[in-house]
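Data block for upload_6.txt (compact mmCIF, C-alpha atoms):
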# COMPACT_ATOMS: atom_id res chain seq x y z
CA MET A 1 11.20 -1.55 -2.51
CA PRO A 2 8.85 0.33 -4.82
CA ARG A 3 10.08 3.45 -6.52
CA ARG A 4 8.99 6.72 -4.90
CA ILE A 5 7.01 8.97 -7.21
CA ALA A 6 7.73 12.69 -7.23
CA MET A 7 4.74 14.89 -6.48
CA ILE A 8 5.26 16.83 -9.69
CA GLU A 9 4.85 13.55 -11.59
CA LEU A 10 1.61 12.79 -9.72
CA ARG A 11 0.36 16.29 -10.46
CA GLU A 12 1.21 15.80 -14.14
CA ILE A 13 -0.85 12.59 -14.17
CA ILE A 14 -3.79 14.51 -12.68
CA LEU A 15 -3.40 17.19 -15.35
CA GLN A 16 -3.44 14.51 -18.06
CA LEU A 17 -6.57 12.98 -16.52
CA ARG A 18 -8.17 16.45 -16.53
CA ARG A 19 -7.41 16.72 -20.26
CA GLY A 20 -9.28 13.46 -20.80
CA CYS A 21 -6.33 11.16 -21.44
CA GLY A 22 -6.93 7.48 -20.78
CA ILE A 23 -5.14 5.35 -18.23
CA LYS A 24 -3.40 3.31 -20.91
CA HIS A 25 -2.13 6.46 -22.67
CA ILE A 26 -0.83 7.93 -19.41
CA HIS A 27 0.86 4.62 -18.61
CA ARG A 28 2.63 4.65 -21.98
CA THR A 29 3.74 8.28 -21.76
CA THR A 30 4.82 8.37 -18.10
CA GLY A 31 5.82 4.77 -17.46
CA HIS A 32 3.88 4.66 -14.20
CA HIS A 33 1.95 1.51 -13.40
CA ARG A 34 -1.74 1.55 -14.25
CA THR A 35 -2.72 0.67 -10.66
CA VAL A 36 -0.94 3.84 -9.50
CA ILE A 37 -2.79 5.85 -12.14
CA ARG A 38 -6.13 4.29 -11.15
CA ALA A 39 -5.50 5.02 -7.48
CA LEU A 40 -4.62 8.62 -8.29
CA LYS A 41 -7.70 8.92 -10.50
CA ALA A 42 -9.89 7.71 -7.62
CA ILE A 43 -8.34 10.33 -5.33
CA ALA A 44 -8.80 13.04 -7.95
CA GLU A 45 -12.44 12.09 -8.52
CA ALA A 46 -13.15 12.10 -4.79
CA LYS A 47 -11.56 15.54 -4.38
CA ASP A 48 -13.15 16.91 -7.60
CA TRP A 49 -9.76 17.72 -9.12
CA LEU A 50 -10.82 16.47 -12.56
CA ASN A 51 -13.37 19.27 -12.94
CA PRO A 52 -11.96 21.60 -15.64
CA GLN A 53 -13.96 24.52 -14.19
CA LYS A 54 -11.88 24.45 -11.00
CA PRO A 55 -8.17 25.23 -10.71
CA PRO A 56 -5.83 22.22 -10.68
CA PRO A 57 -4.48 21.12 -7.29
CA ASP A 58 -1.09 22.27 -6.13
CA GLU A 59 1.70 19.86 -5.24
CA ALA A 60 1.07 20.17 -1.50
CA ALA A 61 -2.55 19.06 -1.87
CA VAL A 62 -1.55 16.16 -4.12
CA HIS A 63 1.17 15.16 -1.65
CA ALA A 64 -1.21 15.22 1.33
CA ALA A 65 -3.87 13.17 -0.47
CA TRP A 66 -1.35 10.65 -1.85
CA GLU A 67 0.43 10.14 1.48
CA ALA A 68 -2.90 9.67 3.26
CA THR A 69 -3.77 6.93 0.78
CA ILE A 70 -0.38 5.25 0.97
CA THR A 71 -0.15 5.25 4.77
CA SER A 72 -3.65 3.87 5.31
CA LYS A 73 -3.01 0.15 5.30
CA LYS A 74 -5.33 -2.75 5.84
CA PRO A 75 -4.90 -4.75 9.04
CA HIS A 76 -3.06 -8.03 8.68
CA GLN A 77 -5.06 -11.21 9.20
CA LEU A 78 -2.73 -12.19 12.05
CA ASP A 79 -3.11 -8.89 13.95
CA GLY A 80 -6.02 -10.32 15.92
CA ILE A 81 -3.85 -12.99 17.53
CA GLN A 82 -0.59 -11.05 17.64
CA ASP A 83 -0.23 -11.29 21.43
CA GLN A 84 -0.69 -15.05 21.35
CA LEU A 85 1.90 -15.40 18.57
CA LEU A 86 4.47 -13.20 20.28
CA ARG A 87 4.00 -15.06 23.56
CA SER A 88 4.48 -18.41 21.79
CA HIS A 89 7.55 -17.09 19.99
CA HIS A 90 9.14 -15.88 23.24
CA GLU A 91 8.41 -19.27 24.82
CA GLY A 92 10.47 -20.88 22.05
CA ILE A 93 7.62 -22.64 20.22
CA SER A 94 8.57 -23.37 16.61
CA PHE A 95 6.81 -21.82 13.63
CA VAL A 96 5.52 -25.24 12.54
CA VAL A 97 3.84 -25.84 15.91
CA MET A 98 2.46 -22.28 16.04
CA HIS A 99 1.02 -22.75 12.56
CA ARG A 100 -0.77 -25.90 13.65
CA LEU A 101 -2.06 -24.23 16.82
CA ILE A 102 -3.63 -21.32 14.96
CA ALA A 103 -4.97 -23.38 12.04
CA GLY A 104 -8.50 -23.26 13.45
CA GLN A 105 -8.41 -19.50 14.07
CA VAL A 106 -6.73 -18.09 10.97
CA SER A 107 -6.12 -19.49 7.52
CA CYS A 108 -2.58 -18.66 6.42
CA SER A 109 0.54 -20.44 5.30
CA GLU A 110 3.44 -21.26 7.56
CA SER A 111 5.71 -18.89 5.61
CA THR A 112 3.21 -16.03 6.12
CA LEU A 113 3.25 -16.73 9.85
CA ARG A 114 7.06 -16.85 9.85
CA ARG A 115 7.40 -13.51 7.99
CA TYR A 116 4.82 -11.86 10.26
CA ILE A 117 6.59 -12.93 13.46
CA GLN A 118 10.03 -12.04 12.11
CA LYS A 119 8.70 -8.59 11.23
CA MET A 120 7.31 -8.16 14.76
CA CYS A 121 10.38 -9.59 16.49
CA PRO A 122 13.48 -8.80 14.45
CA PRO A 123 16.53 -10.84 15.48
CA THR A 124 18.84 -9.10 17.95
CA GLN A 125 22.58 -9.25 17.49
Write out the structure in this file as structure tokens.
Amino acid sequence: MPRRIAMIELREIILQLRRGCGIKHIHRTTGHHRTVIRALKAIAEAKDWLNPQKPPPDEAAVHAAWEATITSKKPHQLDGIQDQLLRSHHEGISFVVMHRLIAGQVSCSESTLRRYIQKMCPPTQ
């Protein structure tokens, strides 16, 4: 599971970006991954937080913007046929057969299909 980032750390990254520090420098000094820094920079640019004429954002604003970005996820390629997959799974059809049945509809590996179904239908004990 990825490490949670404290909002004060995210705010510090924004302050460094406001000072004109580069992504590579911020990565070296904070240890945060460059993709995280790039994502935060995109948020800051969209919200005009990098403008030195304006006051820096508070932690609540950073938290709200960051959580909105993190929680917005792309739909899975198998979401379109989820009902069909769950029905097949409950009927006892194997993952191999299901993979062959959906081969014309969706391009994915058998292991991707298996993980998706196991996530939707966790085993009961």
**Q.** Gap from atom CA of A:Ile93 to atom CA of A:Ser111 - Å, one decimal
**A.**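 It comes out at 15.2 Å.
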Q | Surrounding residues of stretch 78-88 of chain A excluding itself and chain neighbours under 2 positions, 10 Å, all atoms listed in the file, as JSON, numbers by chain | A | {"A": [75, 76, 90, 91, 92, 93, 94, 95, 97, 98, 99, 101, 102, 105, 106, 107, 108, 112, 113, 116, 117, 118, 120, 121]}
Please produce an output containing C-alpha atoms for each residue in the selection, written as a tab-separated table (two decimals), keeping the file's coordinate frame.
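Saved the output as out.tsv:
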chain	number	residue	atom	x	y	z
A	75	PRO	CA	-4.90	-4.75	9.04
A	76	HIS	CA	-3.06	-8.03	8.68
A	90	HIS	CA	9.14	-15.88	23.24
A	91	GLU	CA	8.41	-19.27	24.82
A	92	GLY	CA	10.47	-20.88	22.05
A	93	ILE	CA	7.62	-22.64	20.22
A	94	SER	CA	8.57	-23.37	16.61
A	95	PHE	CA	6.81	-21.82	13.63
A	97	VAL	CA	3.84	-25.84	15.91
A	98	MET	CA	2.46	-22.28	16.04
A	99	HIS	CA	1.02	-22.75	12.56
A	101	LEU	CA	-2.06	-24.23	16.82
A	102	ILE	CA	-3.63	-21.32	14.96
A	105	GLN	CA	-8.41	-19.50	14.07
A	106	VAL	CA	-6.73	-18.09	10.97
A	107	SER	CA	-6.12	-19.49	7.52
A	108	CYS	CA	-2.58	-18.66	6.42
A	112	THR	CA	3.21	-16.03	6.12
A	113	LEU	CA	3.25	-16.73	9.85
A	116	TYR	CA	4.82	-11.86	10.26
A	117	ILE	CA	6.59	-12.93	13.46
A	118	GLN	CA	10.03	-12.04	12.11
A	120	MET	CA	7.31	-8.16	14.76
A	121	CYS	CA	10.38	-9.59	16.49
Q) Suppose you want the space between atom CA of A:Ile70 and atom CA of A:Ile14; what is it in Å? A) 16.8 Å
**Q.** Nearest-residue call for A:Lys54, choices A:Arg18, A:His33, A:Leu10, A:Arg38, using all atoms listed in the file
**A.**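 Of A:Arg18, A:His33, A:Leu10, A:Arg38, the one nearest A:Lys54 is A:Arg18, counting all atoms listed in the file.
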Q. In Å, how far is it from atom CA of A:Ile37 to atom CA of A:Ile23?
A.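 About the pair atom CA of A:Ile37 and atom CA of A:Ile23: they are 6.5 Å apart.
Between A:Ala39 and the residues A:Ala65, A:Ala60, A:Ala6, A:Cys21, the shortest atom-to-atom distance, using only C-alpha atoms, involves A:Ala65.
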List the residues sitting within 12 Å of (-9.7, 16.9, -9.2) in the file's frame, using all atoms listed in the file, as a PDB file with C-alpha atoms, in the frame of the given file.
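And here's result.pdb as it stands now:
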ATOM      1  CA  ARG A  11       0.360  16.290 -10.460  1.00  0.00           C
ATOM      2  CA  ILE A  13      -0.850  12.590 -14.170  1.00  0.00           C
ATOM      3  CA  ILE A  14      -3.790  14.510 -12.680  1.00  0.00           C
ATOM      4  CA  LEU A  15      -3.400  17.190 -15.350  1.00  0.00           C
ATOM      5  CA  GLN A  16      -3.440  14.510 -18.060  1.00  0.00           C
ATOM      6  CA  LEU A  17      -6.570  12.980 -16.520  1.00  0.00           C
ATOM      7  CA  ARG A  18      -8.170  16.450 -16.530  1.00  0.00           C
ATOM      8  CA  ARG A  19      -7.410  16.720 -20.260  1.00  0.00           C
ATOM      9  CA  LEU A  40      -4.620   8.620  -8.290  1.00  0.00           C
ATOM     10  CA  LYS A  41      -7.700   8.920 -10.500  1.00  0.00           C
ATOM     11  CA  ALA A  42      -9.890   7.710  -7.620  1.00  0.00           C
ATOM     12  CA  ILE A  43      -8.340  10.330  -5.330  1.00  0.00           C
ATOM     13  CA  ALA A  44      -8.800  13.040  -7.950  1.00  0.00           C
ATOM     14  CA  GLU A  45     -12.440  12.090  -8.520  1.00  0.00           C
ATOM     15  CA  ALA A  46     -13.150  12.100  -4.790  1.00  0.00           C
ATOM     16  CA  LYS A  47     -11.560  15.540  -4.380  1.00  0.00           C
ATOM     17  CA  ASP A  48     -13.150  16.910  -7.600  1.00  0.00           C
ATOM     18  CA  TRP A  49      -9.760  17.720  -9.120  1.00  0.00           C
ATOM     19  CA  LEU A  50     -10.820  16.470 -12.560  1.00  0.00           C
ATOM     20  CA  ASN A  51     -13.370  19.270 -12.940  1.00  0.00           C
ATOM     21  CA  PRO A  52     -11.960  21.600 -15.640  1.00  0.00           C
ATOM     22  CA  GLN A  53     -13.960  24.520 -14.190  1.00  0.00           C
ATOM     23  CA  LYS A  54     -11.880  24.450 -11.000  1.00  0.00           C
ATOM     24  CA  PRO A  55      -8.170  25.230 -10.710  1.00  0.00           C
ATOM     25  CA  PRO A  56      -5.830  22.220 -10.680  1.00  0.00           C
ATOM     26  CA  PRO A  57      -4.480  21.120  -7.290  1.00  0.00           C
ATOM     27  CA  ASP A  58      -1.090  22.270  -6.130  1.00  0.00           C
ATOM     28  CA  ALA A  61      -2.550  19.060  -1.870  1.00  0.00           C
ATOM     29  CA  VAL A  62      -1.550  16.160  -4.120  1.00  0.00           C
ATOM     30  CA  ALA A  65      -3.870  13.170  -0.470  1.00  0.00           C
TER      31      ALA A  65
END
